[in-house]
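Novice: Got a structure for you, questions after.
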Amino acid sequence: MKLTFDKRLGRILVKRKLLASSDLEKNMSQSKNEGISLTDCLIAHDVVPEADIIASLSAESKLPPVDLDKVSPEEKVVRVFSEDQARKYKALPLFKINNVMTMVIANPFDIVILDDLRRLTSCEIRRVVSTEKKILDAIQRIFNVEEEEMDKVLEDSISEELELTDGKEESKQEEDELTGEDAPVIKLVNMIIHKALELGASDIHIEPYEKKILVRYRKDGVLSAALNPPKKIFNAMISRIKIMTMLDIAEKRKPQDGKFQIRFEGRQIDFRVSSLPTVFGEKIVMRVLDSSSINLGLDALGFEPQALESFRRCVNASYGMILVTGPTGSGKSTTLYSALKELMCVEDNLMTVEDPVEYQLEGVGQVPVNPKRGMTFAGALRAILRQDPNKVMIGEIRDNETADIAIKAAMTGHLVLSTLHTNDAASSISRLIDMGVDSFLVSLSVILIGAQRLARKLCDLCRKPYEKLPPLEKLLYIGFKEEDLKKSTIYRPGGCGRCRDGYKGRFAFLEALEINDEIRRMTIKKTPALDIKKYAEEKLGMITLRRAGILNVLRGRTTIEEVLRMTEK
């Protein structure tokens with residue numbers, strides 16, 4: 001594509017007598033050797049002035065030129081693109097009036113690019129032209145804020161202080177250390193946090209590199225770059241966050257964990273903070289824990305009706321153990337909290353032991369783990385069982401001692417809910433046995449194991465049906481059935497100003513293995529996990545993770561690529 005445009009530009013410049021034919025061949029060869037475009041080559045070697053190149057493109061395409069050094073794009077409009085998209089198309093949104101967006105482009109002759117821009121923005125495009133260099137320079141200025149732009153960002157950012165709701169007195173005393181020259185850093189950290197909350201991000205990453213700092217937000221399970229503050233303020237930023245989190249400012253060689261709370265738009269938001277020493281400084285990751293996000297209930301999580309029925313039936317059992325498994329960030333805790341909210345009643349005593357307490361639930365006794373003070377999972381669980389509980393949630397079963405106490409609690413009249421790190425439901429049985437729990441005790445106590453994943457949802461406004469599906473053999477290998485493909489439409493991501501690369505939001509899907517007598521016998525015999533899974537699929541009709549994902553693809557809720565990314569066959 002670039003070579004075609006270079007040739008066309010060369011012919012235009014020769015036609016307008018700005019470049020001789022012999023010079024064109026020489027510069028084309030030189031640009032290829034240097035790995036740059038013809039435009040950059042001509043400008044770099046002072047062969048043709050940049051203004052003349054822009055004027056020539058404008059005259060040939062009959063589109064107005066624009067000087068990006070004098071034009072400032074509207075902030076709301078320019079952010080309709082990600083930086084990667086802007087660089088890919090060498091295009092930048094400038095203004096928007098009604099449904100018409102003014103867009104500066106480097107290649108005015110590519111109709112495919114124009115169609116893509118219309119699709120991505122859901123607008124009619126009014127094109128103006130400039131050179132590739134001018135556009136890429138503008139993208140760098142807008143999406144990568146360097147030191148000279150930082151003052152403007154701080155001026156435009158939220159000026160009010162974060163309302164800390166815990167540790168306020170201590171933080172206020174230490175905050176005096178960041179006044180004067182470092183006062184803008186407080187404002188910058190506030191802005192980073194507020195922006196994350198406005199976007200609905202689940203995590204904030206502040207990462208130091210040799211010459212820059214990278215701030216990234218995780219939204220819908222995917223990280224994206226947000227800001228590049230100057231490296232010189234990095235230490236002040238880390239100190240500010242440590243003050244808010246009540247961590248040791250002087251300690252920079254060991255990992256530290258902490259938390260803080262703020263009030264945002266009338267609700268309390270908890271942040272769990274982790275610092276980790278790296279080659280170029282301490283990396284900070286802040287997990288956003290918004291209790292309003294769990295006011296959904298089990299029905300809104302996205303489970304298949306069959307899996308939801310099994311899960312709800314076991315949640316309402318009088319005793320036994322329910323395990324939810326999956327990797328970090330798969331929504332296990334949210335599922336357990338949703339279950340707890342359904343279980344809450346005056347007649348029952350609900351207790352949890354967590355590391356740390358992620359969401360505060362009124363009506364539930366929640367105990368945070370604190371190993372430094374001798375409060376381990378096992379120790380806290382022993383104490384909880386002396387508090388006359390009916391139902392107990394354990395944040396995670398990590399060791400034999402915790403597993404053993406939890407199993408015995410489930411066998412003595414308590415309903416125990418917990419999480420485990422395994423790939424699928426059947427593997428959890430082997431995992432408990434490998435941790436040293438007797439297979440007989442596992443068979444008697446566990447009543448259901450759910451393996452869970454979170455997948456991105458397709459944007460309803462811009463999703464598009466596949467014009468040509470992958471080969472049938474490949475779809476059948478993935479897990480589709482021939483009858484599936486006859487009655488359903490499979491969609492792919494589009495892309496518009498209201499979503500992220502064609503996806504918006506996430507949903508959970510669950511593989512629910514309800515334990516029956518045969519599986520108990522298989523557990524006692526230590527039958528391999530693959531055989532247990534095969535039995536559950538063929539005899540019990542269990543919907544596996546892969547199949548649950550495929551069913552959502554057939555509903556138009558997500559894509560084949562997303563299901564393959566999140567599941568194993």
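Chain lettering (A, B, ...) mirrors the order of the structure tokens, residue numbering begins at 1 for each chain separately, and ligand numbering begins at 1 in order of display.
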Could you give me, as number ranges by chain, each residue of segment 350-541 of chain A that DSSP assigns to strand (DSSP E) when run on this structure's backbone?
Specialist: A: 350-354, 365-368, 391-394, 415-420, 446-458, 464-465, 491-492, 503-514
Novice: Please produce, as CSV, a per-residue contact table for segment 270-357 of chain A versus segment 229-242 of chain A (criterion: any atom at most 12 Å away, only C-alpha atoms considered), showing the nearest atom pair and its distance in Å to one decimal, sorted by chain then residue number.
Specialist:
```
residue,atom,partner,partner_atom,distance
A:Phe271,CA,A:Ile241,CA,10.9
A:Arg272,CA,A:Ile241,CA,11.3
A:Val273,CA,A:Ile241,CA,8.7
A:Ser274,CA,A:Lys242,CA,9.8
A:Ser275,CA,A:Lys242,CA,8.8
A:Leu276,CA,A:Ile238,CA,11.2
A:Pro277,CA,A:Ile238,CA,11.5
A:Phe280,CA,A:Lys231,CA,10.3
A:Gly281,CA,A:Asn235,CA,8.4
A:Glu282,CA,A:Ile238,CA,7.7
A:Lys283,CA,A:Ile238,CA,8.6
A:Ile284,CA,A:Ile238,CA,7.7
A:Val285,CA,A:Ile241,CA,10.4
A:Met286,CA,A:Ile241,CA,9.6
```
Novice: Excluding Ile43 of chain A and its own-chain neighbours fewer than 5 positions away, which residues fall within 12 Å of it when counting only C-alpha atoms? Please give them as JSON, numbers by chain.
Specialist: {"A": [27, 31, 36, 37, 38, 48, 49, 50, 51, 52, 53, 54, 131, 132, 133, 134]}
Novice: Could you take the residues named above and write them with C-alpha atoms, as a CSV table (one decimal), in the first residue's frame?
Specialist:
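Contents of the output file result_23.csv:
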```csv
chain,number,residue,atom,x,y,z
A,27,ASN,CA,14.8,9.1,-4.3
A,31,SER,CA,13.6,5.8,0.6
A,36,ILE,CA,11.1,5.3,5.1
A,37,SER,CA,8.3,6.7,2.9
A,38,LEU,CA,9.1,8.8,-0.2
A,48,VAL,CA,10.9,19.1,-2.1
A,49,PRO,CA,9.5,21.4,0.6
A,50,GLU,CA,6.8,19.8,2.8
A,51,ALA,CA,4.4,22.7,2.0
A,52,ASP,CA,4.7,21.9,-1.7
A,53,ILE,CA,4.0,18.2,-1.1
A,54,ILE,CA,0.9,19.1,0.8
A,131,THR,CA,1.8,14.7,5.0
A,132,GLU,CA,2.5,11.4,6.9
A,133,LYS,CA,5.2,13.1,9.0
A,134,LYS,CA,2.9,15.9,10.1
```
Novice: I'd like to know which residues of segment 338-506 of chain A are helix (DSSP H, G or I) (by DSSP, run on the backbone); could you write them as number ranges by chain?
Specialist: A: 338-343, 371-373, 377-385, 400-411, 425-434, 439-445, 472-478, 482-487
Novice: Within 8 Å of segment 112-116 of chain A, counting only C-alpha atoms, which residues show up once you throw out same-chain ones fewer than 4 positions away? Write them as a compact mmCIF listing (two decimals) with C-alpha atoms, in the first residue's frame, please.
Specialist:
```txt
# COMPACT_ATOMS: atom_id res chain seq x y z
CA TYR A 89 -4.45 4.61 9.00
CA LEU A 120 -14.77 3.00 12.96
CA ILE A 125 -15.92 11.66 6.75
```
Novice: Pick from A:Asp484, A:Asp424, A:Asp438, A:Glu60: nearest to Asp404 of chain A, with only C-alpha atoms counted?
Specialist: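 Nearest candidate to Asp404 of chain A out of A:Asp484, A:Asp424, A:Asp438, A:Glu60: A:Asp438.
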Novice: For a quick check of understanding, using only C-alpha atoms, which of A:Leu564, A:Ile433, A:Glu354, A:Ser445 has the smallest distance to Tyr477 of chain A?
Specialist: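 Ranking A:Leu564, A:Ile433, A:Glu354, A:Ser445 by distance to Tyr477 of chain A, first place goes to A:Leu564.
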Novice: Write out as a ChimeraX atom specification each polymer residue whose atoms come within 10 Å of Asn423 of chain A, counting only C-alpha atoms; drop sequence neighbours fewer than 5 positions from it.
Specialist: /A:325-327,428,451-453,545,567-568
Novice: Please indicate the distance in Å from atom CA of Lys7 of chain A to atom CA of Phe109 of chain A, rounded to one decimal place.
Specialist: 12.0 Å
Novice: Compile the contact shell of Ile97 of chain A as a ChimeraX atom specification: residues with an atom at most 10 Å away, counting only C-alpha atoms, same-chain residues fewer than 4 positions apart removed.
Specialist: /A:101-102,123
Novice: Restrict the selected residues to N, CA, C and O atoms and save them as a PDB file, in the first residue's frame.
Specialist:
```
ATOM      1  N   MET A 101     -17.573  14.164  10.398  1.00  0.00           N
ATOM      2  CA  MET A 101     -16.293  14.315  11.094  1.00  0.00           C
ATOM      3  C   MET A 101     -15.218  14.738  10.104  1.00  0.00           C
ATOM      4  O   MET A 101     -15.060  14.125   9.046  1.00  0.00           O
ATOM      5  N   THR A 102     -14.500  15.800  10.459  1.00  0.00           N
ATOM      6  CA  THR A 102     -13.361  16.236   9.650  1.00  0.00           C
ATOM      7  C   THR A 102     -12.142  15.439  10.051  1.00  0.00           C
ATOM      8  O   THR A 102     -11.773  15.376  11.232  1.00  0.00           O
ATOM      9  N   CYS A 123     -19.501   7.763  11.290  1.00  0.00           N
ATOM     10  CA  CYS A 123     -19.755   9.125  10.804  1.00  0.00           C
ATOM     11  C   CYS A 123     -19.438   9.227   9.318  1.00  0.00           C
ATOM     12  O   CYS A 123     -18.683   8.412   8.771  1.00  0.00           O
TER      13      CYS A 123
END
```
Novice: Which one of A:Glu83, A:Met393, A:Cys496, A:Arg127 sits closest to Val66 of chain A if you count only C-alpha atoms?
Specialist: A:Arg127
Novice: Which neighbours of Leu475 of chain A fall inside 12 Å, counting only C-alpha atoms, when residues of the same chain fewer than 2 positions from it are skipped, and could you give them as a list in words?
Specialist: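 Contacts, in chain order: Leu469, Pro470, Pro471, Leu472, Glu473, Tyr477, Ile478, Gly479, Phe480, Lys481, Glu482, Glu483, Asp484, Leu485, Ile490, Ile550, Val553, Ile560, Glu561 and Leu564 of chain A.
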Novice: Restricting the calculation to only C-alpha atoms: of A:Pro108, A:Gly495, A:Pro305, A:Pro465, which residue gets closest to Thr559 of chain A?
Specialist: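 Going through A:Pro108, A:Gly495, A:Pro305, A:Pro465 one by one, the smallest distance to Thr559 of chain A is for A:Pro465.
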